[in-house]
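**Q** There's a structure below that I have some questions on.
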Amino acid sequence: MYSIIVVPAPAATSGDQVRLAPGERLHFGRTAPRTAGGRRHLDVPHPGVSRTAGEIGAAGNHWTLSNFSTASTYVVENPEGAGEHIKIAPGRVDAPVPFEFSRVVLPAGSDLVDFCVWAPRHDYVERAHTAEDGEPTALAFPLDRSKRYFLVLAALCEPRLRGEPHAPLPTADAIVDRLRPLWPAANRAAVQWNIDYLAVKLRLKPGPDTADAGPRLNGKKESLVSLALRFDLVGEDDLGPFTRTPAAGTSTAGAAR
């Protein structure tokens, strides 16, 4: 049974894919090493990539990456994680990678080259362990998806959830335009109120009834999006109310409380 699939390049065909079973390893680099020792090899044909760049190892429900470079850090991106990534330092061996879909990015001279790794097997418990009695556990981030504030949050996160991890966040005016089909009365003040409400609800700033107002929260939208994406408070499934492509002249979408 194969546990991971390595795809050499975005334009590669299914015939170019390399399938690894648990325990198998795949060397990658500009050329295959002279002493491969029976290991399989993935060609990365770029003059800026080392001949012995690294190695992938397949495990049961994850995979590992070794960086044989002496100077370059490799980056493993989660294309579904809106900017989520891990860094593999030079010389690091068998670093575990938890992502289900990954893009391995290698510095290569003045370029960046990449290949993808699919690890479709993720194991989960059949159900969460629950106590027989006692008080229920309080929710860490109690969000109601039926409220307009959640639509605003989804709108803020939309550009990065659409696969652009470094996309600029939409302005309040762009969110208003995006929300009009769902919330005809939306306006800039209402959207901004919902953003302020979310900052309090997600404990990024104290509520207005507290004695200590705390320091001024700079980058409020960026903080909200970072928190929401880091803890999976908003996902691609929450973008259903929005059309796939924002209207011309707007950045992205949103809604309000």
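Labels for the structure tokens follow display order: chains A, B, ..., residues from 1 in each chain, ligands from 1.
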What's around segment 163-165 of chain A at 7 Å? Count only C-alpha atoms, leave out sequence neighbours fewer than 3 positions away in its own chain, and write the answer as a ChimeraX atom specification.
**A** /A:79-80,82-83,159-160
**Q** Residues at most 8 Å from Val75 of chain A, counting only C-alpha atoms, excluding those fewer than 5 positions away in the same chain, as number ranges by chain?
**A** A: 85-88, 104-106
**Q** According to DSSP computed on the backbone, where in segment 66-104 of chain A is there strand (DSSP E)? Give the residues as a ChimeraX atom specification.
**A** /A:66-67,74-77,85-88,95-97,101-104
**Q** Could the residues in this selection be written to a file with all heavy atoms, as a compact mmCIF listing (two decimals), in the first residue's frame?
**A**
```txt
# COMPACT_ATOMS: atom_id res chain seq x y z
N SER A 66 14.66 15.21 4.40
CA SER A 66 16.04 15.47 4.80
C SER A 66 16.64 16.50 3.85
O SER A 66 16.46 16.41 2.63
CB SER A 66 16.87 14.18 4.75
OG SER A 66 16.40 13.23 5.68
N ASN A 67 17.33 17.48 4.42
CA ASN A 67 17.97 18.54 3.64
C ASN A 67 19.48 18.32 3.68
O ASN A 67 20.13 18.56 4.70
CB ASN A 67 17.60 19.90 4.24
CG ASN A 67 18.22 21.07 3.49
OD1 ASN A 67 19.01 20.89 2.57
ND2 ASN A 67 17.86 22.28 3.89
N TYR A 74 15.16 24.68 3.02
CA TYR A 74 14.04 24.27 2.18
C TYR A 74 12.75 24.64 2.90
O TYR A 74 12.68 24.63 4.13
CB TYR A 74 14.06 22.75 1.93
CG TYR A 74 15.28 22.24 1.20
CD1 TYR A 74 15.61 20.89 1.20
CD2 TYR A 74 16.13 23.11 0.51
CE1 TYR A 74 16.73 20.41 0.54
CE2 TYR A 74 17.24 22.65 -0.17
CZ TYR A 74 17.54 21.29 -0.14
OH TYR A 74 18.65 20.82 -0.80
N VAL A 75 11.73 24.95 2.12
CA VAL A 75 10.43 25.32 2.67
C VAL A 75 9.39 24.32 2.17
O VAL A 75 9.34 24.01 0.98
CB VAL A 75 10.02 26.75 2.26
CG1 VAL A 75 8.61 27.07 2.74
CG2 VAL A 75 11.01 27.76 2.83
N VAL A 76 8.57 23.83 3.09
CA VAL A 76 7.46 22.95 2.73
C VAL A 76 6.17 23.72 3.00
O VAL A 76 5.87 24.06 4.14
CB VAL A 76 7.47 21.64 3.54
CG1 VAL A 76 6.34 20.72 3.07
CG2 VAL A 76 8.81 20.93 3.41
N GLU A 77 5.45 24.03 1.93
CA GLU A 77 4.22 24.82 2.03
C GLU A 77 3.01 23.91 2.02
O GLU A 77 3.01 22.86 1.37
CB GLU A 77 4.12 25.80 0.86
CG GLU A 77 5.26 26.79 0.78
CD GLU A 77 5.18 27.67 -0.45
OE1 GLU A 77 4.49 27.29 -1.41
OE2 GLU A 77 5.80 28.74 -0.44
N HIS A 85 3.39 26.88 6.58
CA HIS A 85 4.60 26.27 6.04
C HIS A 85 5.52 25.87 7.17
O HIS A 85 5.38 26.32 8.31
CB HIS A 85 5.32 27.23 5.09
CG HIS A 85 5.94 28.41 5.79
ND1 HIS A 85 5.20 29.55 6.11
CD2 HIS A 85 7.20 28.63 6.24
CE1 HIS A 85 5.98 30.41 6.72
NE2 HIS A 85 7.20 29.89 6.83
N ILE A 86 6.49 25.02 6.84
CA ILE A 86 7.56 24.70 7.77
C ILE A 86 8.88 24.86 7.05
O ILE A 86 8.95 24.77 5.82
CB ILE A 86 7.44 23.27 8.36
CG1 ILE A 86 7.46 22.22 7.24
CG2 ILE A 86 6.18 23.13 9.20
CD1 ILE A 86 7.46 20.80 7.75
N LYS A 87 9.95 25.12 7.81
CA LYS A 87 11.28 25.31 7.23
C LYS A 87 12.17 24.15 7.65
O LYS A 87 12.17 23.75 8.81
CB LYS A 87 11.87 26.65 7.69
CG LYS A 87 11.09 27.86 7.20
CD LYS A 87 11.79 29.17 7.55
CE LYS A 87 11.77 29.43 9.04
NZ LYS A 87 12.35 30.76 9.36
N ILE A 88 12.93 23.62 6.69
CA ILE A 88 13.85 22.54 6.96
C ILE A 88 15.26 23.10 6.82
O ILE A 88 15.72 23.43 5.72
CB ILE A 88 13.65 21.36 5.98
CG1 ILE A 88 12.16 21.00 5.86
CG2 ILE A 88 14.48 20.16 6.41
CD1 ILE A 88 11.52 20.55 7.16
N ALA A 95 13.04 15.32 9.00
CA ALA A 95 12.08 16.23 9.62
C ALA A 95 10.66 15.79 9.24
O ALA A 95 10.36 15.63 8.06
CB ALA A 95 12.31 17.66 9.14
N PRO A 96 9.77 15.56 10.21
CA PRO A 96 8.42 15.09 9.88
C PRO A 96 7.58 16.20 9.27
O PRO A 96 7.63 17.35 9.71
CB PRO A 96 7.86 14.65 11.24
CG PRO A 96 8.63 15.45 12.24
CD PRO A 96 9.99 15.66 11.66
N VAL A 97 6.81 15.86 8.25
CA VAL A 97 5.91 16.81 7.58
C VAL A 97 4.48 16.34 7.79
O VAL A 97 4.13 15.23 7.39
CB VAL A 97 6.24 16.91 6.08
CG1 VAL A 97 5.29 17.89 5.40
CG2 VAL A 97 7.68 17.33 5.86
N PHE A 101 -1.31 17.74 1.73
CA PHE A 101 -0.80 18.15 0.43
C PHE A 101 0.33 19.15 0.68
O PHE A 101 0.15 20.09 1.46
CB PHE A 101 -1.89 18.78 -0.44
CG PHE A 101 -3.04 17.87 -0.70
CD1 PHE A 101 -4.22 18.00 0.00
CD2 PHE A 101 -2.94 16.86 -1.65
CE1 PHE A 101 -5.29 17.15 -0.23
CE2 PHE A 101 -4.01 16.01 -1.89
CZ PHE A 101 -5.18 16.15 -1.18
N SER A 102 1.46 18.94 0.05
CA SER A 102 2.63 19.79 0.33
C SER A 102 3.31 20.21 -0.97
O SER A 102 3.28 19.49 -1.97
CB SER A 102 3.66 19.02 1.18
OG SER A 102 3.08 18.52 2.37
N ARG A 103 3.93 21.39 -0.92
CA ARG A 103 4.77 21.87 -2.00
C ARG A 103 6.17 22.10 -1.42
O ARG A 103 6.34 22.92 -0.52
CB ARG A 103 4.23 23.16 -2.60
CG ARG A 103 5.06 23.69 -3.78
CD ARG A 103 4.58 25.04 -4.26
NE ARG A 103 3.21 24.99 -4.75
CZ ARG A 103 2.18 25.60 -4.18
NH1 ARG A 103 2.35 26.33 -3.09
NH2 ARG A 103 0.97 25.49 -4.69
N VAL A 104 7.15 21.35 -1.91
CA VAL A 104 8.53 21.50 -1.44
C VAL A 104 9.22 22.52 -2.34
O VAL A 104 9.29 22.34 -3.56
CB VAL A 104 9.27 20.15 -1.50
CG1 VAL A 104 10.71 20.32 -1.00
CG2 VAL A 104 8.54 19.10 -0.66
```
**Q** If you run DSSP on this backbone, which residues of segment 8-257 of chain A come out as alpha helix (DSSP H), and could you give them as a VMD selection string?
**A** chain A and resid 148 to 161 172 to 179 188 to 201 220 to 230
**Q** How many Å lie between atom CA of Val200 of chain A and atom CA of Asn187 of chain A, rounded to one decimal?
**A**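 Computing the Euclidean distance for atom CA of Val200 of chain A and atom CA of Asn187 of chain A yields 20.5 Å.
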**Q** Could you tell me how far atom CA of Ser146 of chain A sits from atom CA of Phe231 of chain A, in Å to one decimal place?
**A**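 Distance reported for this atom pair: 19.2 Å.
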**Q** How far is it from atom CA of Ser110 of chain A to atom CA of Thr73 of chain A, in Å with one decimal?
**A**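 Result for atom CA of Ser110 of chain A versus atom CA of Thr73 of chain A: 14.3 Å, one decimal.
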**Q** With distances taken over only C-alpha atoms, which residue among A:Pro136, A:Pro142, A:Gly91, A:Gly23 lies nearest Leu233 of chain A?
**A**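 The answer is A:Pro142, which sits nearest to Leu233 of chain A.
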**Q** Env of Glu24 of chain A: 8 Å cut, atoms = only C-alpha atoms, seq-sep filter 2 positions within chain, self excluded. Answer as a list of chain:residue names.
**A**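 Using only C-alpha atoms, the neighbours found are A:Leu20, A:Ala21, A:Pro22, A:Leu26, A:Gly57, A:Ala58.
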**Q** Export, as a PDB file, in the first residue's frame, the selected residues with N, CA and C atoms.
**A**
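Saved the output as part24.pdb:
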```pdb
ATOM      1  N   LEU A  20       5.425   5.911  -3.061  1.00  0.00           N
ATOM      2  CA  LEU A  20       6.260   5.307  -2.032  1.00  0.00           C
ATOM      3  C   LEU A  20       5.393   4.625  -0.979  1.00  0.00           C
ATOM      4  N   ALA A  21       5.780   3.416  -0.614  1.00  0.00           N
ATOM      5  CA  ALA A  21       5.126   2.686   0.464  1.00  0.00           C
ATOM      6  C   ALA A  21       5.843   2.998   1.773  1.00  0.00           C
ATOM      7  N   PRO A  22       5.200   2.783   2.911  1.00  0.00           N
ATOM      8  CA  PRO A  22       5.870   3.028   4.195  1.00  0.00           C
ATOM      9  C   PRO A  22       7.212   2.310   4.268  1.00  0.00           C
ATOM     10  N   LEU A  26      13.135   8.177  -1.133  1.00  0.00           N
ATOM     11  CA  LEU A  26      13.339   8.738  -2.467  1.00  0.00           C
ATOM     12  C   LEU A  26      14.380   9.844  -2.375  1.00  0.00           C
ATOM     13  N   GLY A  57      11.284  10.379   2.942  1.00  0.00           N
ATOM     14  CA  GLY A  57      10.990   9.085   3.526  1.00  0.00           C
ATOM     15  C   GLY A  57       9.496   8.943   3.763  1.00  0.00           C
ATOM     16  N   ALA A  58       8.933   7.804   3.416  1.00  0.00           N
ATOM     17  CA  ALA A  58       7.496   7.556   3.596  1.00  0.00           C
ATOM     18  C   ALA A  58       7.259   6.819   4.903  1.00  0.00           C
TER      19      ALA A  58
END
```
**Q** Give me the residues near Ala186 of chain A as a list in words, where near means some atom within 10 Å (using only C-alpha atoms) and where sequence neighbours in that chain fewer than 4 positions away do not count.
**A**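 That gives Arg148, Asp173, Ile175, Val176, Asp177, Arg178, Leu179, Arg180, Pro181, Leu182, Ala190, Val191, Ala255, Ala256 and Arg257 of chain A.
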**Q** Using all heavy atoms, can you write the selected residues to a file as a CSV table (one decimal), in the first residue's frame?
**A**
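Output (result24.csv):
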```csv
chain,number,residue,atom,x,y,z
A,148,ARG,N,-23.8,37.6,10.8
A,148,ARG,CA,-23.1,38.4,9.8
A,148,ARG,C,-21.6,38.6,10.1
A,148,ARG,O,-20.8,38.8,9.2
A,148,ARG,CB,-23.8,39.7,9.6
A,148,ARG,CG,-25.2,39.6,8.9
A,148,ARG,CD,-25.9,40.9,8.8
A,148,ARG,NE,-27.1,40.8,8.0
A,148,ARG,CZ,-28.1,41.7,8.0
A,148,ARG,NH1,-28.0,42.8,8.8
A,148,ARG,NH2,-29.2,41.5,7.3
A,173,ASP,N,-14.5,48.7,2.0
A,173,ASP,CA,-15.3,49.0,0.9
A,173,ASP,C,-15.4,47.8,0.0
A,173,ASP,O,-16.5,47.5,-0.6
A,173,ASP,CB,-14.8,50.2,0.1
A,173,ASP,CG,-14.9,51.5,0.8
A,173,ASP,OD1,-15.9,51.6,1.6
A,173,ASP,OD2,-14.1,52.5,0.6
A,175,ILE,N,-15.2,44.7,0.9
A,175,ILE,CA,-16.1,43.8,1.6
A,175,ILE,C,-17.6,44.1,1.4
A,175,ILE,O,-18.4,43.3,1.2
A,175,ILE,CB,-15.7,43.7,3.1
A,175,ILE,CG1,-14.3,43.1,3.3
A,175,ILE,CG2,-16.8,42.9,3.9
A,175,ILE,CD1,-13.9,43.0,4.7
A,176,VAL,N,-17.9,45.4,1.5
A,176,VAL,CA,-19.2,45.9,1.3
A,176,VAL,C,-19.7,45.5,-0.1
A,176,VAL,O,-20.8,44.9,-0.3
A,176,VAL,CB,-19.3,47.4,1.4
A,176,VAL,CG1,-20.7,47.9,1.0
A,176,VAL,CG2,-19.1,47.8,2.9
A,177,ASP,N,-18.9,45.7,-1.1
A,177,ASP,CA,-19.3,45.3,-2.5
A,177,ASP,C,-19.5,43.8,-2.6
A,177,ASP,O,-20.4,43.3,-3.3
A,177,ASP,CB,-18.2,45.8,-3.5
A,177,ASP,CG,-18.1,47.3,-3.6
A,177,ASP,OD1,-19.1,47.9,-3.3
A,177,ASP,OD2,-17.1,47.8,-4.1
A,178,ARG,N,-18.6,43.1,-1.9
A,178,ARG,CA,-18.7,41.6,-2.0
A,178,ARG,C,-20.0,41.1,-1.3
A,178,ARG,O,-20.5,40.1,-1.6
A,178,ARG,CB,-17.5,41.0,-1.3
A,178,ARG,CG,-17.2,39.6,-1.5
A,178,ARG,CD,-16.7,39.4,-2.9
A,178,ARG,NE,-16.1,38.1,-3.1
A,178,ARG,CZ,-16.4,37.2,-4.0
A,178,ARG,NH1,-17.4,37.5,-4.9
A,178,ARG,NH2,-15.8,36.1,-4.2
A,179,LEU,N,-20.4,41.8,-0.2
A,179,LEU,CA,-21.5,41.4,0.6
A,179,LEU,C,-22.9,41.8,0.0
A,179,LEU,O,-23.9,41.2,0.5
A,179,LEU,CB,-21.4,42.0,2.0
A,179,LEU,CG,-20.3,41.4,2.9
A,179,LEU,CD1,-20.3,42.1,4.2
A,179,LEU,CD2,-20.5,39.9,3.1
A,180,ARG,N,-22.9,42.7,-0.9
A,180,ARG,CA,-24.2,43.2,-1.3
A,180,ARG,C,-25.2,42.2,-1.7
A,180,ARG,O,-26.4,42.3,-1.3
A,180,ARG,CB,-24.0,44.2,-2.5
A,180,ARG,CG,-23.5,45.6,-2.0
A,180,ARG,CD,-24.6,46.5,-1.6
A,180,ARG,NE,-24.2,47.6,-0.8
A,180,ARG,CZ,-23.5,48.6,-1.2
A,180,ARG,NH1,-23.1,48.7,-2.4
A,180,ARG,NH2,-23.1,49.5,-0.3
A,181,PRO,N,-24.9,41.1,-2.4
A,181,PRO,CA,-25.9,40.1,-2.8
A,181,PRO,C,-26.5,39.4,-1.5
A,181,PRO,O,-27.6,38.9,-1.5
A,181,PRO,CB,-25.1,39.1,-3.7
A,181,PRO,CG,-24.0,39.9,-4.2
A,181,PRO,CD,-23.6,40.8,-3.1
A,182,LEU,N,-25.7,39.3,-0.4
A,182,LEU,CA,-26.1,38.6,0.8
A,182,LEU,C,-26.7,39.5,1.8
A,182,LEU,O,-27.5,39.1,2.6
A,182,LEU,CB,-24.9,37.9,1.4
A,182,LEU,CG,-24.1,36.9,0.5
A,182,LEU,CD1,-22.8,36.4,1.1
A,182,LEU,CD2,-25.0,35.7,0.2
A,190,ALA,N,-20.9,49.5,9.1
A,190,ALA,CA,-21.4,48.2,9.6
A,190,ALA,C,-20.3,47.1,9.5
A,190,ALA,O,-20.1,46.3,10.4
A,190,ALA,CB,-22.6,47.8,8.9
A,191,VAL,N,-19.6,47.1,8.4
A,191,VAL,CA,-18.5,46.2,8.2
A,191,VAL,C,-17.4,46.4,9.3
A,191,VAL,O,-16.9,45.5,9.9
A,191,VAL,CB,-17.9,46.2,6.8
A,191,VAL,CG1,-16.6,45.5,6.7
A,191,VAL,CG2,-18.9,45.6,5.8
A,255,ALA,N,-18.9,39.8,4.8
A,255,ALA,CA,-20.2,40.0,5.3
A,255,ALA,C,-20.2,40.5,6.7
A,255,ALA,O,-19.1,40.7,7.3
A,255,ALA,CB,-21.1,38.8,5.1
A,256,ALA,N,-21.3,40.6,7.3
A,256,ALA,CA,-21.3,41.2,8.7
A,256,ALA,C,-22.2,40.6,9.6
A,256,ALA,O,-22.9,39.6,9.3
A,256,ALA,CB,-21.5,42.7,8.6
A,257,ARG,N,-22.3,41.1,10.8
A,257,ARG,CA,-22.9,40.5,11.9
A,257,ARG,C,-24.5,40.6,11.8
A,257,ARG,O,-25.0,41.6,11.3
A,257,ARG,CB,-22.5,41.1,13.2
A,257,ARG,CG,-23.1,40.4,14.4
A,257,ARG,CD,-22.4,41.0,15.7
A,257,ARG,NE,-22.7,40.2,16.8
A,257,ARG,CZ,-23.7,40.6,17.7
A,257,ARG,NH1,-24.4,41.7,17.5
A,257,ARG,NH2,-24.0,39.8,18.7
```
**Q** Compare A:Asn78, A:Ala71, A:Phe99, A:Asp94 by their minimum atom-to-atom distance to Arg25 of chain A, counting only C-alpha atoms, and give me the closest one.
**A**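 Closest to Arg25 of chain A of all the choices is A:Asp94.
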**Q** So that I can check the surroundings of Ala9 of chain A, please list as a list in words every protein, DNA and RNA residue that reaches within 9 Å of it, counting only C-alpha atoms and ignoring chain neighbours fewer than 4 positions away.
**A** Thr13, Asp16, Val113, Asp114, Phe115 and Cys116 of chain A
**Q** So that I have them on file, write out the residues from the current selection with N, CA and C atoms, as a PDB file, in the first residue's frame.
**A**
```pdb
ATOM      1  N   THR A  13       2.668  14.659 -15.616  1.00  0.00           N
ATOM      2  CA  THR A  13       1.527  13.769 -15.842  1.00  0.00           C
ATOM      3  C   THR A  13       1.500  12.688 -14.783  1.00  0.00           C
ATOM      4  N   ASP A  16       4.479  10.458 -14.432  1.00  0.00           N
ATOM      5  CA  ASP A  16       5.705  10.959 -13.823  1.00  0.00           C
ATOM      6  C   ASP A  16       5.692  10.846 -12.306  1.00  0.00           C
ATOM      7  N   VAL A 113      12.550  26.403  -7.319  1.00  0.00           N
ATOM      8  CA  VAL A 113      11.968  25.240  -7.983  1.00  0.00           C
ATOM      9  C   VAL A 113      11.182  24.449  -6.946  1.00  0.00           C
ATOM     10  N   ASP A 114      10.218  23.694  -7.402  1.00  0.00           N
ATOM     11  CA  ASP A 114       9.386  22.984  -6.440  1.00  0.00           C
ATOM     12  C   ASP A 114       8.897  21.663  -7.011  1.00  0.00           C
ATOM     13  N   PHE A 115       8.451  20.821  -6.123  1.00  0.00           N
ATOM     14  CA  PHE A 115       7.700  19.618  -6.474  1.00  0.00           C
ATOM     15  C   PHE A 115       6.703  19.372  -5.357  1.00  0.00           C
ATOM     16  N   CYS A 116       5.720  18.537  -5.626  1.00  0.00           N
ATOM     17  CA  CYS A 116       4.628  18.337  -4.668  1.00  0.00           C
ATOM     18  C   CYS A 116       4.658  16.932  -4.083  1.00  0.00           C
TER      19      CYS A 116
END
```
